[in-house]
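Below is the file upload07.cif, which contains mmCIF, C-alpha atoms.
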```
data_data
#
loop_
_atom_site.label_atom_id
_atom_site.label_comp_id
_atom_site.auth_asym_id
_atom_site.auth_seq_id
_atom_site.Cartn_x
_atom_site.Cartn_y
_atom_site.Cartn_z
CA MET A 134 7.05 72.50 27.52
CA ILE A 135 3.99 73.58 25.53
CA ARG A 136 5.97 76.32 23.73
CA ALA A 137 8.65 73.74 22.80
CA ALA A 138 5.99 71.43 21.35
CA ILE A 139 4.44 74.29 19.37
CA CYS A 140 7.87 75.33 18.10
CA LEU A 141 8.54 71.74 17.00
CA VAL A 142 5.26 71.59 15.07
CA PHE A 143 5.99 74.92 13.35
CA ALA A 144 9.53 73.77 12.54
CA MET A 145 8.11 70.65 10.92
CA ILE A 146 5.65 72.73 8.89
CA VAL A 147 8.31 75.20 7.80
CA SER A 148 10.85 72.49 6.92
CA SER A 149 8.30 70.51 4.93
CA ALA A 150 7.39 73.72 3.08
CA GLY A 151 11.07 74.15 2.21
CA LEU A 152 11.18 70.69 0.68
CA ARG A 153 8.30 71.54 -1.65
CA ALA A 154 9.80 74.88 -2.69
CA ALA A 155 12.23 73.16 -5.05
CA ASP A 156 9.22 71.93 -7.04
CA VAL A 157 7.61 75.37 -7.44
CA LEU A 158 8.75 77.39 -10.44
CA GLU A 159 9.26 81.13 -10.16
CA PRO A 160 6.69 82.92 -12.33
CA GLU A 161 7.59 85.84 -14.59
CA ASN A 162 4.92 88.08 -13.06
CA TYR A 163 3.19 88.50 -9.72
CA ARG A 164 1.13 85.70 -8.21
CA LEU A 165 -2.54 86.69 -8.56
CA GLU A 166 -4.35 83.94 -6.63
CA ASP A 167 -3.90 81.09 -4.15
CA TYR A 168 -1.60 83.22 -2.01
CA ARG A 169 -1.31 80.56 0.72
CA ALA A 170 0.51 77.86 -1.24
CA PRO A 171 4.06 76.55 -1.56
CA THR A 172 6.39 79.23 -2.90
CA PRO A 173 9.49 78.97 -5.09
CA ALA A 174 12.97 78.76 -3.62
CA THR A 175 14.09 81.79 -5.64
CA LEU A 176 13.21 85.36 -6.49
CA ARG A 177 15.27 86.83 -9.33
CA GLY A 178 17.08 89.96 -8.22
CA ALA A 179 16.53 89.37 -4.51
CA ARG A 180 18.32 87.46 -1.82
CA VAL A 181 16.33 84.60 -0.32
CA ILE A 182 17.21 84.28 3.35
CA THR A 183 16.80 81.66 6.03
CA THR A 184 15.66 82.22 9.59
CA GLU A 185 19.28 82.18 10.73
CA GLU A 186 20.20 84.89 8.22
CA ALA A 187 17.11 86.93 9.13
CA GLU A 188 18.03 86.69 12.81
CA ARG A 189 21.60 87.83 12.10
CA LEU A 190 20.34 90.83 10.09
CA TRP A 191 17.79 91.66 12.78
CA ARG A 192 20.31 91.46 15.63
CA SER A 193 22.81 93.62 13.72
CA ARG A 194 20.08 96.13 12.82
CA SER A 195 21.49 96.18 9.30
CA ALA A 196 18.13 95.77 7.54
CA SER A 197 14.61 97.13 7.60
CA PHE A 198 11.96 94.43 8.12
CA VAL A 199 8.59 94.81 6.40
CA ASP A 200 5.56 92.59 7.03
CA VAL A 201 2.95 92.53 4.26
CA TRP A 202 0.39 90.16 5.81
CA PRO A 203 -3.16 91.39 5.06
CA ARG A 204 -5.50 92.86 7.63
CA PRO A 205 -9.26 92.67 7.28
CA PRO A 206 -10.80 96.14 7.34
CA ARG A 207 -13.50 97.09 9.78
CA PRO A 208 -16.79 96.27 8.04
CA ARG A 209 -18.39 99.51 6.89
CA ASN A 210 -21.95 98.36 7.59
CA LEU A 211 -21.59 97.50 11.28
CA PRO A 212 -24.49 98.82 13.35
CA GLU A 213 -23.67 101.80 15.54
CA GLY A 214 -22.22 100.74 18.87
CA THR A 215 -20.89 97.42 17.59
CA LEU A 216 -17.48 96.63 18.99
CA TRP A 217 -14.82 95.73 16.43
CA HIS A 218 -11.54 94.11 17.42
CA ASP A 219 -8.75 93.60 14.94
CA LYS A 220 -7.28 90.14 14.81
CA PRO A 221 -3.95 90.40 16.67
CA ARG A 222 -0.78 90.15 14.60
CA SER A 223 2.68 89.44 15.98
CA ASP A 224 5.71 90.66 14.08
CA ILE A 225 9.45 90.48 14.18
CA PRO A 226 10.33 93.31 16.59
CA GLY A 227 11.08 96.60 14.88
CA SER A 228 9.20 95.71 11.71
CA ILE A 229 6.87 97.98 9.84
CA TRP A 230 3.55 96.35 8.91
CA LEU A 231 2.17 97.38 5.51
CA PRO A 232 -0.96 95.25 5.28
CA ASP A 233 -2.53 94.31 1.96
CA THR A 234 0.56 95.18 -0.12
CA GLY A 235 1.43 91.64 -1.14
CA TYR A 236 -1.42 91.04 -3.53
CA GLY A 237 -0.53 90.51 -7.20
CA GLU A 238 -2.40 93.62 -8.27
CA LEU A 239 -2.60 96.79 -6.20
CA ALA A 240 -4.91 99.75 -6.65
CA PRO A 241 -2.96 102.96 -7.31
CA ALA A 242 -3.56 104.21 -3.76
CA MET A 243 -2.20 100.95 -2.29
CA ALA A 244 0.80 100.96 -4.64
CA ASP A 245 1.57 104.50 -3.44
CA TYR A 246 1.05 103.41 0.19
CA PHE A 247 3.55 100.56 -0.34
CA SER A 248 6.10 102.84 -2.00
CA LYS A 249 5.85 105.44 0.77
CA GLY A 250 5.96 102.70 3.41
CA LEU A 251 9.22 101.36 2.00
CA GLY A 252 10.62 104.89 2.05
CA ASN A 253 9.65 105.19 5.71
CA ALA A 254 11.07 101.76 6.54
CA THR A 255 14.44 102.63 5.02
CA GLY A 256 14.55 106.22 6.23
CA GLY A 257 14.81 107.24 2.59
CA ASP A 258 18.00 105.22 2.07
CA ARG A 259 17.12 103.22 -1.06
CA ALA A 260 20.34 101.20 -0.70
CA ARG A 261 19.38 99.93 2.78
CA LEU A 262 18.60 96.23 2.89
CA LEU A 263 14.85 95.51 2.92
CA VAL A 264 13.62 92.18 4.32
CA LEU A 265 10.06 91.39 3.22
CA TYR A 266 8.02 88.67 4.89
CA CYS A 267 4.60 87.45 6.04
CA LEU A 268 4.03 83.73 6.82
CA ALA A 269 5.47 80.47 5.51
CA ASP A 270 3.92 79.32 2.24
CA CYS A 271 2.69 82.82 1.46
CA TRP A 272 3.11 84.42 -1.93
CA MET A 273 2.34 87.88 -0.60
CA SER A 274 5.88 88.45 0.65
CA TRP A 275 7.25 87.09 -2.64
CA ASN A 276 5.05 89.56 -4.57
CA ALA A 277 6.03 92.43 -2.26
CA ALA A 278 9.75 91.70 -2.60
CA LYS A 279 9.37 91.55 -6.39
CA ARG A 280 7.45 94.85 -6.27
CA ALA A 281 10.21 96.48 -4.16
CA LEU A 282 12.71 95.47 -6.83
CA SER A 283 10.48 97.01 -9.52
CA LEU A 284 10.43 100.25 -7.50
CA GLY A 285 14.21 100.43 -7.81
CA TYR A 286 15.27 99.10 -4.42
CA PRO A 287 18.54 97.33 -5.21
CA ASN A 288 19.02 95.53 -1.90
CA VAL A 289 15.99 93.30 -1.31
CA ALA A 290 15.81 90.10 0.72
CA TRP A 291 12.80 87.81 0.80
CA TYR A 292 12.29 85.84 4.01
CA PRO A 293 9.92 83.00 3.03
CA GLY A 294 9.77 81.54 6.56
CA GLY A 295 8.10 84.70 7.83
CA THR A 296 6.74 84.84 11.34
CA ASP A 297 6.10 81.08 11.24
CA GLY A 298 9.81 80.36 10.80
CA TRP A 299 10.75 83.05 13.30
CA PHE A 300 8.39 81.64 15.96
CA ALA A 301 9.52 78.06 15.26
CA ALA A 302 13.10 79.13 16.00
CA GLY A 303 11.99 80.47 19.38
CA LEU A 304 12.77 84.07 18.43
CA PRO A 305 10.84 86.99 19.94
CA LEU A 306 7.71 88.43 18.41
CA GLN A 307 5.88 91.61 19.35
CA SER A 308 2.32 92.79 18.94
CA ALA A 309 2.04 94.69 15.66
CA THR A 310 0.14 97.81 14.75
CA PRO A 311 -0.27 98.34 11.02
CA GLU A 312 0.59 101.53 9.26
CA PRO A 313 -2.74 103.19 8.46
CA ARG A 314 -3.94 102.33 4.97
CA PRO A 315 -5.00 105.10 2.56
CA ASP A 316 -8.70 104.54 3.34
CA GLU A 317 -8.23 104.84 7.12
#
```
Target encoding structure tokens, full file:
Amino acid sequence: MIRAAICLVFAMIVSSAGLRAADVLEPENYRLEDYRAPTPATLRGARVITTEEAERLWRSRSASFVDVWPRPPRPRNLPEGTLWHDKPRSDIPGSIWLPDTGYGELAPAMADYFSKGLGNATGGDRARLLVLYCLADCWMSWNAAKRALSLGYPNVAWYPGGTDGWFAAGLPLQSATPEPRPDE
């Protein structure tokens, strides 16, 4: 009962976000700020997919799913002995999590990390379909999908509903462990 109510609330959020997407214009370049805001309905060169399409691709195992949601690093100045717990992240099962790769500008080490991560996600098959996502109303997955296109991946899908849309549809999620970043 509670899960159904939560799913309904998420469905309402995701559907209302979809209504606003028609009003958001696709920029020429990457989004550099306000990453949690309504996103456009399009991404030139990529396929924009719904939750139903994402589920079909996931069930058929015909795509590699990549989450780009950020992950706060462990603070470097924590006193010795301080316990640090990452904030849990749930992903679409089988996804690879490449945190911090959806920002508009990436340091060279992070750009390389993203490129290598996509290679790992596709098993080196650049023609394999890549599905990039994070949360609803999040420009990070839009930026990451655009970046994958710029790296020469010809078969890119952007899933703007992300884990919010997936959860709202009652689909399974699993606890995620990020791929180690270059500084880890």
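You will find atom CA of Thr215 of chain A at 26.0 Å from atom CA of Trp230 of chain A.
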Hey, which of A:Gly227, A:Gly214, A:Gly235, A:Gly178 ends up closest to Leu265 of chain A? Count all atoms listed in the file.
A:Gly235
When distances are computed from all atoms listed in the file, which of A:Ala244, A:Leu284, A:Ala196, A:Val201 shows the smallest separation from Trp272 of chain A?
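Answer, going by the shortest atom-to-atom distance: A:Val201.
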Distance query Ser228 of chain A at most 9 Å, all atoms listed in the file, self and fewer than 6 positions along chain excluded, as a VMD selection string
chain A and resid 197 to 200 254 309
Near-segment 238-242 of chain A list (8 Å; all atoms listed in the file; drop same-chain fewer than 5 positions) as a list in words:
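Residues near the query, excluding close chain neighbours: Tyr163, Leu165 and Pro315 of chain A.
The interatomic distance for the pair atom CA of Leu176 of chain A and atom CA of Arg280 of chain A works out to 11.1 Å.
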What does the distance from atom CA of Gly298 of chain A to atom CA of Asp233 of chain A come to in Å, to one decimal?
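Interatomic distance here is 20.6 Å.
When all atoms listed in the file are used to measure the gap to Leu251 of chain A, the shortest distance among A:Thr234, A:Pro293, A:Leu158, A:Thr175 belongs to A:Thr234.
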Please complete segment 197-209 of chain A so it has N, CA and C atoms, and hand it over as an mmCIF file, in the frame of the given file.
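Below is the file out36.cif, written as the result:
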```cif
data_model
loop_
_atom_site.group_PDB
_atom_site.id
_atom_site.type_symbol
_atom_site.label_atom_id
_atom_site.label_comp_id
_atom_site.auth_asym_id
_atom_site.auth_seq_id
_atom_site.Cartn_x
_atom_site.Cartn_y
_atom_site.Cartn_z
ATOM 1 N N SER A 197 15.958 96.710 7.220
ATOM 2 C CA SER A 197 14.610 97.130 7.600
ATOM 3 C C SER A 197 13.667 95.977 7.284
ATOM 4 N N PHE A 198 12.890 95.547 8.272
ATOM 5 C CA PHE A 198 11.960 94.430 8.120
ATOM 6 C C PHE A 198 10.560 94.953 7.839
ATOM 7 N N VAL A 199 9.918 94.383 6.821
ATOM 8 C CA VAL A 199 8.590 94.810 6.400
ATOM 9 C C VAL A 199 7.674 93.609 6.287
ATOM 10 N N ASP A 200 6.595 93.627 7.063
ATOM 11 C CA ASP A 200 5.560 92.590 7.030
ATOM 12 C C ASP A 200 4.460 93.059 6.089
ATOM 13 N N VAL A 201 3.993 92.161 5.219
ATOM 14 C CA VAL A 201 2.950 92.530 4.260
ATOM 15 C C VAL A 201 1.678 91.697 4.444
ATOM 16 N N TRP A 202 1.565 90.984 5.561
ATOM 17 C CA TRP A 202 0.390 90.160 5.810
ATOM 18 C C TRP A 202 -0.863 91.041 5.774
ATOM 19 N N PRO A 203 -1.950 90.569 5.141
ATOM 20 C CA PRO A 203 -3.160 91.390 5.060
ATOM 21 C C PRO A 203 -3.866 91.572 6.406
ATOM 22 N N ARG A 204 -4.714 92.561 6.443
ATOM 23 C CA ARG A 204 -5.500 92.860 7.630
ATOM 24 C C ARG A 204 -6.925 93.161 7.185
ATOM 25 N N PRO A 205 -7.875 92.388 7.677
ATOM 26 C CA PRO A 205 -9.260 92.670 7.280
ATOM 27 C C PRO A 205 -9.682 94.055 7.764
ATOM 28 N N PRO A 206 -10.339 94.825 6.904
ATOM 29 C CA PRO A 206 -10.800 96.140 7.340
ATOM 30 C C PRO A 206 -12.032 96.016 8.230
ATOM 31 N N ARG A 207 -12.273 97.037 8.987
ATOM 32 C CA ARG A 207 -13.500 97.090 9.780
ATOM 33 C C ARG A 207 -14.667 97.131 8.795
ATOM 34 N N PRO A 208 -15.632 96.245 8.958
ATOM 35 C CA PRO A 208 -16.790 96.270 8.040
ATOM 36 C C PRO A 208 -17.495 97.621 8.103
ATOM 37 N N ARG A 209 -17.799 98.177 6.966
ATOM 38 C CA ARG A 209 -18.390 99.510 6.890
ATOM 39 C C ARG A 209 -19.859 99.531 7.341
#
```
